[in-house]
Structure formats: C-alpha cells, structure tokens
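Trainee: CSV, N, CA and C atoms, file data_26.csv:
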chain,number,residue,atom,x,y,z
D,409,MET,N,-14.1,-22.7,3.1
D,409,MET,CA,-14.1,-21.3,3.3
D,409,MET,C,-13.6,-20.6,2.1
D,410,THR,N,-14.2,-19.5,1.7
D,410,THR,CA,-13.8,-18.8,0.5
D,410,THR,C,-12.7,-17.8,0.8
D,411,ALA,N,-11.8,-17.6,-0.1
D,411,ALA,CA,-10.7,-16.6,0.1
D,411,ALA,C,-11.3,-15.2,0.1
D,412,THR,N,-10.6,-14.3,0.7
D,412,THR,CA,-11.0,-12.9,0.8
D,412,THR,C,-10.0,-12.0,0.0
D,413,ARG,N,-10.5,-11.1,-0.9
D,413,ARG,CA,-9.6,-10.2,-1.6
D,413,ARG,C,-9.5,-9.0,-0.8
D,414,LEU,N,-8.2,-8.6,-0.6
D,414,LEU,CA,-7.9,-7.3,0.2
D,414,LEU,C,-7.1,-6.4,-0.7
D,415,CYS,N,-7.5,-5.1,-0.7
D,415,CYS,CA,-6.7,-4.1,-1.3
D,415,CYS,C,-6.1,-3.3,-0.2
D,416,LEU,N,-4.8,-3.3,0.0
D,416,LEU,CA,-4.1,-2.6,1.0
D,416,LEU,C,-3.3,-1.4,0.4
D,417,VAL,N,-3.4,-0.3,1.1
D,417,VAL,CA,-2.9,0.9,0.6
D,417,VAL,C,-2.1,1.6,1.7
D,418,ARG,N,-0.8,2.0,1.3
D,418,ARG,CA,0.0,2.8,2.2
D,418,ARG,C,-0.6,4.3,2.2
D,419,HIS,N,-0.5,4.9,3.3
D,419,HIS,CA,-1.0,6.3,3.3
D,419,HIS,C,-0.4,7.2,2.3
D,420,GLY,N,-1.1,8.3,2.0
D,420,GLY,CA,-0.6,9.3,1.0
D,420,GLY,C,0.7,10.0,1.6
D,421,GLU,N,1.4,10.7,0.7
D,421,GLU,CA,2.7,11.3,1.0
D,421,GLU,C,2.5,12.4,2.0
D,422,THR,N,3.5,12.4,2.9
D,422,THR,CA,3.6,13.4,3.9
D,422,THR,C,4.9,14.2,3.6
D,423,ALA,N,5.0,15.4,4.3
D,423,ALA,CA,6.2,16.2,4.1
D,423,ALA,C,7.5,15.4,4.5
D,424,TRP,N,7.3,14.6,5.5
D,424,TRP,CA,8.5,13.8,6.0
D,424,TRP,C,8.9,12.7,5.0
D,425,ASN,N,7.9,12.1,4.3
D,425,ASN,CA,8.2,11.1,3.2
D,425,ASN,C,9.0,11.8,2.1
D,426,ALA,N,8.6,13.0,1.7
D,426,ALA,CA,9.3,13.7,0.7
D,426,ALA,C,10.7,14.0,1.1
D,427,GLU,N,11.0,14.2,2.4
D,427,GLU,CA,12.3,14.5,2.9
D,427,GLU,C,13.1,13.2,3.2
D,428,ARG,N,12.4,12.1,3.0
D,428,ARG,CA,13.0,10.8,3.3
D,428,ARG,C,13.3,10.6,4.8
D,429,ARG,N,12.4,11.2,5.7
D,429,ARG,CA,12.6,11.1,7.1
D,429,ARG,C,11.7,10.0,7.6
D,430,ILE,N,12.1,9.2,8.5
D,430,ILE,CA,11.3,8.2,9.1
D,430,ILE,C,10.4,8.8,10.1
D,431,GLN,N,9.1,8.5,10.0
D,431,GLN,CA,8.1,9.0,10.9
D,431,GLN,C,7.9,8.3,12.2
D,432,GLY,N,8.2,7.0,12.2
D,432,GLY,CA,8.0,6.2,13.4
D,432,GLY,C,6.5,6.2,13.8
D,433,ARG,N,6.3,6.6,15.0
D,433,ARG,CA,4.9,6.6,15.6
D,433,ARG,C,4.3,8.0,15.5
D,434,LEU,N,5.0,9.0,14.9
D,434,LEU,CA,4.4,10.3,14.8
D,434,LEU,C,3.3,10.3,13.7
D,435,ASP,N,2.3,11.1,13.9
D,435,ASP,CA,1.2,11.3,13.0
D,435,ASP,C,1.4,12.6,12.2
D,436,VAL,N,2.2,12.5,11.1
D,436,VAL,CA,2.5,13.7,10.3
D,436,VAL,C,1.4,13.8,9.3
D,437,PRO,N,0.8,15.1,9.2
D,437,PRO,CA,-0.3,15.3,8.2
D,437,PRO,C,0.2,15.0,6.8
D,438,LEU,N,-0.8,14.7,6.0
D,438,LEU,CA,-0.5,14.6,4.5
D,438,LEU,C,-0.1,15.9,3.9
D,439,ALA,N,0.9,15.8,3.0
D,439,ALA,CA,1.3,16.9,2.2
D,439,ALA,C,0.3,17.1,1.1
D,440,SER,N,0.4,18.2,0.3
D,440,SER,CA,-0.5,18.4,-0.8
D,440,SER,C,-0.5,17.3,-1.8
D,441,ALA,N,0.7,16.7,-2.0
D,441,ALA,CA,0.8,15.5,-2.9
D,441,ALA,C,0.0,14.3,-2.3
D,442,GLY,N,0.1,14.2,-1.0
D,442,GLY,CA,-0.7,13.1,-0.3
D,442,GLY,C,-2.2,13.3,-0.5
D,443,HIS,N,-2.7,14.5,-0.4
D,443,HIS,CA,-4.1,14.7,-0.6
D,443,HIS,C,-4.5,14.4,-2.0
D,444,ALA,N,-3.6,14.8,-3.0
D,444,ALA,CA,-3.9,14.5,-4.4
D,444,ALA,C,-3.9,13.0,-4.6
D,445,GLN,N,-3.0,12.3,-4.0
D,445,GLN,CA,-2.9,10.8,-4.1
D,445,GLN,C,-4.2,10.2,-3.5
D,446,ALA,N,-4.7,10.7,-2.4
D,446,ALA,CA,-5.9,10.2,-1.8
D,446,ALA,C,-7.1,10.4,-2.7
D,447,ARG,N,-7.2,11.5,-3.3
D,447,ARG,CA,-8.3,11.8,-4.3
D,447,ARG,C,-8.2,10.9,-5.5
D,448,ALA,N,-7.0,10.7,-6.0
D,448,ALA,CA,-6.8,9.8,-7.2
D,448,ALA,C,-7.1,8.3,-6.8
D,449,LEU,N,-6.7,7.9,-5.6
D,449,LEU,CA,-7.0,6.6,-5.2
D,449,LEU,C,-8.5,6.4,-5.0
D,450,HIS,N,-9.2,7.3,-4.5
D,450,HIS,CA,-10.7,7.2,-4.3
D,450,HIS,C,-11.3,7.1,-5.7
D,451,THR,N,-10.9,7.8,-6.7
D,451,THR,CA,-11.5,7.8,-8.0
D,451,THR,C,-11.2,6.4,-8.6
D,452,ALA,N,-10.0,5.9,-8.5
D,452,ALA,CA,-9.7,4.6,-9.1
D,452,ALA,C,-10.5,3.5,-8.4
D,453,GLU,N,-10.6,3.5,-7.1
D,453,GLU,CA,-11.3,2.4,-6.4
D,453,GLU,C,-12.8,2.5,-6.7
D,454,ALA,N,-13.4,3.7,-6.7
D,454,ALA,CA,-14.8,3.8,-7.0
D,454,ALA,C,-15.1,3.2,-8.4
D,455,ALA,N,-14.3,3.4,-9.3
D,455,ALA,CA,-14.5,2.9,-10.7
D,455,ALA,C,-14.3,1.4,-10.7
D,456,ALA,N,-13.3,0.9,-10.0
D,456,ALA,CA,-13.0,-0.6,-10.0
D,456,ALA,C,-14.0,-1.4,-9.2
D,457,HIS,N,-14.6,-0.9,-8.2
D,457,HIS,CA,-15.4,-1.7,-7.3
D,457,HIS,C,-16.6,-1.0,-6.8
D,458,PRO,N,-17.5,-0.7,-7.7
D,458,PRO,CA,-18.7,0.0,-7.4
D,458,PRO,C,-19.6,-0.7,-6.3
D,459,GLY,N,-19.9,-0.1,-5.2
D,459,GLY,CA,-20.8,-0.7,-4.2
D,459,GLY,C,-20.1,-1.6,-3.3
D,460,GLU,N,-18.8,-1.9,-3.4
D,460,GLU,CA,-18.0,-2.8,-2.6
D,460,GLU,C,-17.1,-2.0,-1.7
D,461,GLN,N,-16.8,-2.6,-0.5
D,461,GLN,CA,-15.8,-2.0,0.4
D,461,GLN,C,-14.7,-3.1,0.7
D,462,VAL,N,-13.6,-2.9,0.0
D,462,VAL,CA,-12.5,-3.9,0.1
D,462,VAL,C,-11.2,-3.2,0.5
D,463,LEU,N,-11.2,-2.0,0.9
D,463,LEU,CA,-10.0,-1.2,1.0
D,463,LEU,C,-9.5,-1.1,2.5
D,464,VAL,N,-8.2,-1.3,2.7
D,464,VAL,CA,-7.6,-1.2,4.0
D,464,VAL,C,-6.4,-0.2,3.9
D,465,PHE,N,-6.4,0.9,4.7
D,465,PHE,CA,-5.3,1.8,4.7
D,465,PHE,C,-4.4,1.4,5.9
D,466,THR,N,-3.1,1.4,5.6
D,466,THR,CA,-2.1,1.0,6.7
D,466,THR,C,-0.8,1.7,6.4
D,467,HIS,N,0.2,1.4,7.2
D,467,HIS,CA,1.5,2.0,7.0
D,467,HIS,C,2.4,0.9,6.3
D,468,GLY,N,3.6,1.4,5.9
D,468,GLY,CA,4.5,0.5,5.2
D,468,GLY,C,5.0,-0.7,5.9
D,469,GLY,N,5.1,-0.7,7.2
D,469,GLY,CA,5.6,-1.9,7.9
D,469,GLY,C,4.6,-3.0,7.8
D,470,VAL,N,3.3,-2.7,7.9
D,470,VAL,CA,2.3,-3.8,7.7
D,470,VAL,C,2.3,-4.3,6.3
D,471,LEU,N,2.4,-3.5,5.3
D,471,LEU,CA,2.5,-3.9,3.9
D,471,LEU,C,3.7,-4.8,3.7
D,472,ASP,N,4.8,-4.5,4.3
D,472,ASP,CA,6.1,-5.2,4.2
D,472,ASP,C,5.8,-6.7,4.7
D,473,ILE,N,5.3,-6.8,5.9
D,473,ILE,CA,5.0,-8.1,6.5
D,473,ILE,C,4.0,-8.9,5.7
D,474,LEU,N,2.9,-8.3,5.2
D,474,LEU,CA,1.9,-9.0,4.5
D,474,LEU,C,2.5,-9.5,3.1
D,475,HIS,N,3.3,-8.7,2.5
D,475,HIS,CA,3.9,-9.1,1.2
D,475,HIS,C,4.8,-10.3,1.4
D,476,ARG,N,5.6,-10.3,2.5
D,476,ARG,CA,6.4,-11.4,2.8
D,476,ARG,C,5.6,-12.7,3.1
D,477,ARG,N,4.5,-12.5,3.9
D,477,ARG,CA,3.7,-13.7,4.2
D,477,ARG,C,3.1,-14.3,2.9
D,478,ALA,N,2.6,-13.4,2.0
D,478,ALA,CA,2.0,-14.0,0.8
D,478,ALA,C,3.0,-14.5,-0.2
D,479,SER,N,4.3,-14.0,-0.2
D,479,SER,CA,5.3,-14.4,-1.1
D,479,SER,C,6.2,-15.5,-0.6
D,480,GLY,N,6.1,-15.7,0.7
D,480,GLY,CA,7.0,-16.7,1.4
D,480,GLY,C,8.4,-16.2,1.7
D,481,LYS,N,8.6,-14.9,1.6
D,481,LYS,CA,9.9,-14.3,1.9
D,481,LYS,C,10.1,-14.2,3.4
D,482,PRO,N,11.3,-14.5,3.9
D,482,PRO,CA,11.5,-14.4,5.3
D,482,PRO,C,11.6,-12.9,5.8
D,483,LEU,N,11.2,-12.6,7.0
D,483,LEU,CA,11.3,-11.2,7.5
D,483,LEU,C,12.7,-10.7,7.5
D,484,CYS,N,13.7,-11.5,7.7
D,484,CYS,CA,15.1,-11.1,7.7
D,484,CYS,C,15.7,-10.8,6.4
D,485,ALA,N,15.0,-11.2,5.3
D,485,ALA,CA,15.6,-11.0,3.9
D,485,ALA,C,15.5,-9.5,3.6
D,486,PRO,N,16.5,-9.0,2.8
D,486,PRO,CA,16.3,-7.6,2.3
D,486,PRO,C,15.1,-7.4,1.5
D,487,ARG,N,14.5,-6.3,1.6
D,487,ARG,CA,13.3,-6.0,0.8
D,487,ARG,C,13.6,-5.8,-0.7
D,488,ASP,N,12.9,-6.5,-1.5
D,488,ASP,CA,13.1,-6.4,-3.0
D,488,ASP,C,11.8,-6.0,-3.7
D,489,PHE,N,10.9,-5.3,-3.0
D,489,PHE,CA,9.7,-4.9,-3.6
D,489,PHE,C,9.4,-3.5,-3.1
D,490,ASP,N,8.6,-2.8,-3.9
D,490,ASP,CA,8.2,-1.4,-3.6
D,490,ASP,C,7.0,-1.3,-2.6
D,491,ILE,N,7.0,-0.3,-1.9
D,491,ILE,CA,5.8,0.1,-1.0
D,491,ILE,C,5.6,1.6,-1.2
D,492,PRO,N,5.1,2.0,-2.4
D,492,PRO,CA,4.9,3.4,-2.7
D,492,PRO,C,3.7,4.0,-2.0
D,493,ASN,N,3.7,5.3,-1.7
D,493,ASN,CA,2.5,5.9,-1.2
D,493,ASN,C,1.3,5.8,-2.1
D,494,ALA,N,0.2,5.5,-1.5
D,494,ALA,CA,-1.1,5.5,-2.2
D,494,ALA,C,-1.2,4.5,-3.4
D,495,ALA,N,-0.4,3.5,-3.5
D,495,ALA,CA,-0.5,2.5,-4.5
D,495,ALA,C,-1.4,1.4,-4.1
D,496,LEU,N,-2.0,0.7,-5.0
D,496,LEU,CA,-2.9,-0.5,-4.7
D,496,LEU,C,-2.1,-1.7,-4.6
D,497,ASN,N,-2.3,-2.5,-3.6
D,497,ASN,CA,-1.6,-3.7,-3.3
D,497,ASN,C,-2.7,-4.8,-3.0
D,498,TRP,N,-2.9,-5.7,-4.0
D,498,TRP,CA,-3.9,-6.7,-3.9
D,498,TRP,C,-3.4,-8.0,-3.4
D,499,LEU,N,-4.1,-8.6,-2.3
D,499,LEU,CA,-3.8,-9.9,-1.8
D,499,LEU,C,-5.1,-10.7,-1.7
D,500,GLU,N,-4.9,-12.0,-1.8
D,500,GLU,CA,-6.0,-12.9,-1.6
D,500,GLU,C,-5.6,-13.7,-0.3
D,501,ALA,N,-6.5,-13.7,0.7
D,501,ALA,CA,-6.2,-14.4,1.9
D,501,ALA,C,-7.2,-15.5,2.1
D,502,GLY,N,-6.7,-16.8,1.9
D,502,GLY,CA,-7.5,-18.0,2.1
D,502,GLY,C,-7.2,-18.7,3.3
D,503,PRO,N,-7.9,-19.7,3.6
D,503,PRO,CA,-7.7,-20.5,4.8
D,503,PRO,C,-6.4,-21.3,4.8
D,504,GLU,N,-5.9,-21.6,3.7
D,504,GLU,CA,-4.6,-22.4,3.6
D,504,GLU,C,-3.4,-21.5,3.2
D,505,ARG,N,-3.6,-20.5,2.4
D,505,ARG,CA,-2.5,-19.7,2.0
D,505,ARG,C,-2.9,-18.3,1.5
D,506,TRP,N,-1.9,-17.4,1.5
D,506,TRP,CA,-2.1,-16.1,1.0
D,506,TRP,C,-1.4,-16.0,-0.4
D,507,SER,N,-1.9,-15.1,-1.3
D,507,SER,CA,-1.2,-14.9,-2.5
D,507,SER,C,-1.3,-13.4,-2.9
D,508,ILE,N,-0.4,-13.0,-3.7
D,508,ILE,CA,-0.3,-11.6,-4.2
D,508,ILE,C,-1.0,-11.6,-5.6
D,509,LEU,N,-2.1,-10.8,-5.7
D,509,LEU,CA,-2.8,-10.7,-7.0
D,509,LEU,C,-2.2,-9.5,-7.8
D,510,GLY,N,-1.7,-8.5,-7.1
D,510,GLY,CA,-1.1,-7.3,-7.8
D,510,GLY,C,-0.4,-6.5,-6.7
D,511,TRP,N,0.7,-5.9,-7.1
D,511,TRP,CA,1.4,-5.1,-6.1
D,511,TRP,C,1.9,-3.8,-6.6
D,512,ALA,N,1.9,-2.8,-5.8
D,512,ALA,CA,2.4,-1.5,-6.1
D,512,ALA,C,1.8,-0.9,-7.4
D,513,GLU,N,0.5,-1.1,-7.7
D,513,GLU,CA,-0.1,-0.6,-8.8
D,513,GLU,C,-0.3,0.9,-8.6
D,514,ARG,N,0.2,1.7,-9.5
D,514,ARG,CA,0.1,3.2,-9.4
D,514,ARG,C,-0.3,3.9,-10.6
D,515,SER,N,-1.0,3.2,-11.5
D,515,SER,CA,-1.4,3.9,-12.7
D,515,SER,C,-2.3,5.1,-12.5
D,516,HIS,N,-3.0,5.2,-11.3
D,516,HIS,CA,-3.8,6.3,-11.0
D,516,HIS,C,-3.1,7.5,-10.4
D,517,LEU,N,-1.7,7.3,-10.2
D,517,LEU,CA,-0.9,8.4,-9.6
D,517,LEU,C,0.0,9.0,-10.6
D,518,ASP,N,0.3,10.3,-10.5
D,518,ASP,CA,1.3,10.9,-11.3
D,518,ASP,C,2.7,10.4,-10.8
D,519,GLU,N,2.9,10.3,-9.5
D,519,GLU,CA,4.2,9.8,-9.0
D,519,GLU,C,3.9,9.4,-7.5
D,520,ALA,N,4.8,8.6,-7.0
D,520,ALA,CA,4.6,8.1,-5.6
D,520,ALA,C,6.0,7.7,-5.1
D,521,LEU,N,6.3,8.1,-3.9
D,521,LEU,CA,7.6,7.8,-3.3
D,521,LEU,C,7.5,6.4,-2.6
D,522,ASP,N,8.6,5.7,-2.6
D,522,ASP,CA,8.7,4.4,-1.9
D,522,ASP,C,8.9,4.7,-0.5
D,523,GLU,N,8.6,3.7,0.4
D,523,GLU,CA,8.8,3.9,1.8
D,523,GLU,C,10.3,4.1,2.2
D,524,LEU,N,11.2,3.4,1.5
D,524,LEU,CA,12.6,3.5,1.7
D,524,LEU,C,13.3,4.3,0.7
D,525,PRO,N,14.3,5.1,1.1
D,525,PRO,CA,15.1,5.8,0.1
D,525,PRO,C,15.8,4.9,-0.9
D,526,GLY,N,16.0,5.3,-2.1
D,526,GLY,CA,16.7,4.4,-3.0
D,526,GLY,C,16.7,4.9,-4.4
Could I get this file's structure written as structure tokens?
Mentor:
Amino acid sequence: MTATRLCLVRHGETAWNAERRIQGRLDVPLASAGHAQARALHTAEAAAHPGEQVLVFTHGGVLDILHRRASGKPLCAPRDFDIPNAALNWLEAGPERWSILGWAERSHLDEALDELPG
C-alpha cells in the first residue's frame, strides 16, 4: 500500500484567536485577517498542486494529535511545536507509520497566531 500525503491546515484567524480566547465548540466567524489568510493559502496551494486535492482543514486539537502521532510524542507531553492559523502542515500517512514532511509552513502569510498564547 502506498503512503498518502496530507496537507492539514488550521482554520484562519478569528477575532477570538486575536484576543487569545479559547473557542471550544463555538463557531466564531473568521476575522478580516482570517479571510486574508484563506486567500493566501488558496493561492499557495493552487501553485504547489495544480489539479490535485490534498487539503484538509481542521482545528488545532486535531493537528496537535496528528503531529504527536507522526513524531512519536506522547499526548501528555507539553507541546513544543507551533500550530499557527492557516499554515501548511504536511504529513505522510503509510500503512506502517506516519511521518512529518513539513510543519507550520507560513511563507504565504504575513503573520499567523499560534493556537496557544505564548
């Protein structure tokens, strides 16, 4: 079985992200910065992968768990990696193991907040 390449992206910035408020299950609309991040992401992805669909949008908690699975870090360990809004996070998922190909790539963004304050 061949490995699958996944590009996982945390949603664009919301007003609550900018205020460092935890959204939980609330669906807070994107702020103007979030809309700009979404446009920048679309442009970057279209140039990198013409004709392919490899993009998955999710929230920070999913990205945290998938990074830990691919890197072998336990869920109980403190997080030592970024999960910025609208950054590209590349994983390869194979039948035997997962690996990180690239993480928190944000060259297409002017700026992006991390999920956690810091």
Trainee: Could you give me, as a list in words, the residues within 5 Å of D:Ala494, counting all atoms listed in the file and dropping anything in the same chain fewer than 5 positions from it?
Mentor: Arg418, His419 and Gly420 of chain D
Trainee: Residues at most 7 Å from D:Leu496, counting all atoms listed in the file, excluding those fewer than 5 positions away in the same chain, as a JSON list (two decimals) with N, CA and C atoms, in the coordinates of the input?
Mentor:
[["chain", "number", "residue", "atom", "x", "y", "z"],
["D", 415, "CYS", "N", -7.50, -5.10, -0.70],
["D", 415, "CYS", "CA", -6.70, -4.10, -1.30],
["D", 415, "CYS", "C", -6.10, -3.30, -0.20],
["D", 416, "LEU", "N", -4.80, -3.30, 0.00],
["D", 416, "LEU", "CA", -4.10, -2.60, 1.00],
["D", 416, "LEU", "C", -3.30, -1.40, 0.40],
["D", 417, "VAL", "N", -3.40, -0.30, 1.10],
["D", 417, "VAL", "CA", -2.90, 0.90, 0.60],
["D", 417, "VAL", "C", -2.10, 1.60, 1.70],
["D", 418, "ARG", "N", -0.80, 2.00, 1.30],
["D", 418, "ARG", "CA", 0.00, 2.80, 2.20],
["D", 418, "ARG", "C", -0.60, 4.30, 2.20],
["D", 510, "GLY", "N", -1.70, -8.50, -7.10],
["D", 510, "GLY", "CA", -1.10, -7.30, -7.80],
["D", 510, "GLY", "C", -0.40, -6.50, -6.70],
["D", 511, "TRP", "N", 0.70, -5.90, -7.10],
["D", 511, "TRP", "CA", 1.40, -5.10, -6.10],
["D", 511, "TRP", "C", 1.90, -3.80, -6.60],
["D", 512, "ALA", "N", 1.90, -2.80, -5.80],
["D", 512, "ALA", "CA", 2.40, -1.50, -6.10],
["D", 512, "ALA", "C", 1.80, -0.90, -7.40],
["D", 513, "GLU", "N", 0.50, -1.10, -7.70],
["D", 513, "GLU", "CA", -0.10, -0.60, -8.80],
["D", 513, "GLU", "C", -0.30, 0.90, -8.60],
["D", 514, "ARG", "N", 0.20, 1.70, -9.50],
["D", 514, "ARG", "CA", 0.10, 3.20, -9.40],
["D", 514, "ARG", "C", -0.30, 3.90, -10.60]]
Trainee: Looking at D:Glu427, D:Ser479, D:Gly468, D:Ala495, which one is nearest to D:Leu517, with distances taken over only N, CA and C atoms?
Mentor: D:Ala495
Trainee: Tell me, in Å to one decimal, how far atom C of D:Ser515 is from atom C of D:Ala444.
Mentor: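 One can read the atom C of D:Ser515 to atom C of D:Ala444 distance as 11.3 Å.
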Trainee: What gap, in Å, lies between atom CA of D:Ala441 and atom N of D:Asn425?
Mentor: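 Interatomic distance, atom CA of D:Ala441 to atom N of D:Asn425: 10.7 Å.
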Trainee: Tell me which of D:Ala426, D:Ala501, D:Ala439, D:Leu474 sits closest to D:Phe489, counting only C-alpha atoms.
Mentor: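 Among the listed residues, D:Leu474 lies closest to D:Phe489.
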Trainee: Enter the distance from atom N of D:Trp506 to atom N of D:Val470, in Å, rounded to one decimal.
Mentor: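 Atom N of D:Val470 lies at a distance of 16.9 Å from atom N of D:Trp506.
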Trainee: Between D:Arg428, D:Ala448, D:Pro486, D:Arg477, which has the minimum distance to D:Arg505 (counting all atoms listed in the file)?
Mentor: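 Of D:Arg428, D:Ala448, D:Pro486, D:Arg477, the one nearest D:Arg505, counting all atoms listed in the file, is D:Arg477.
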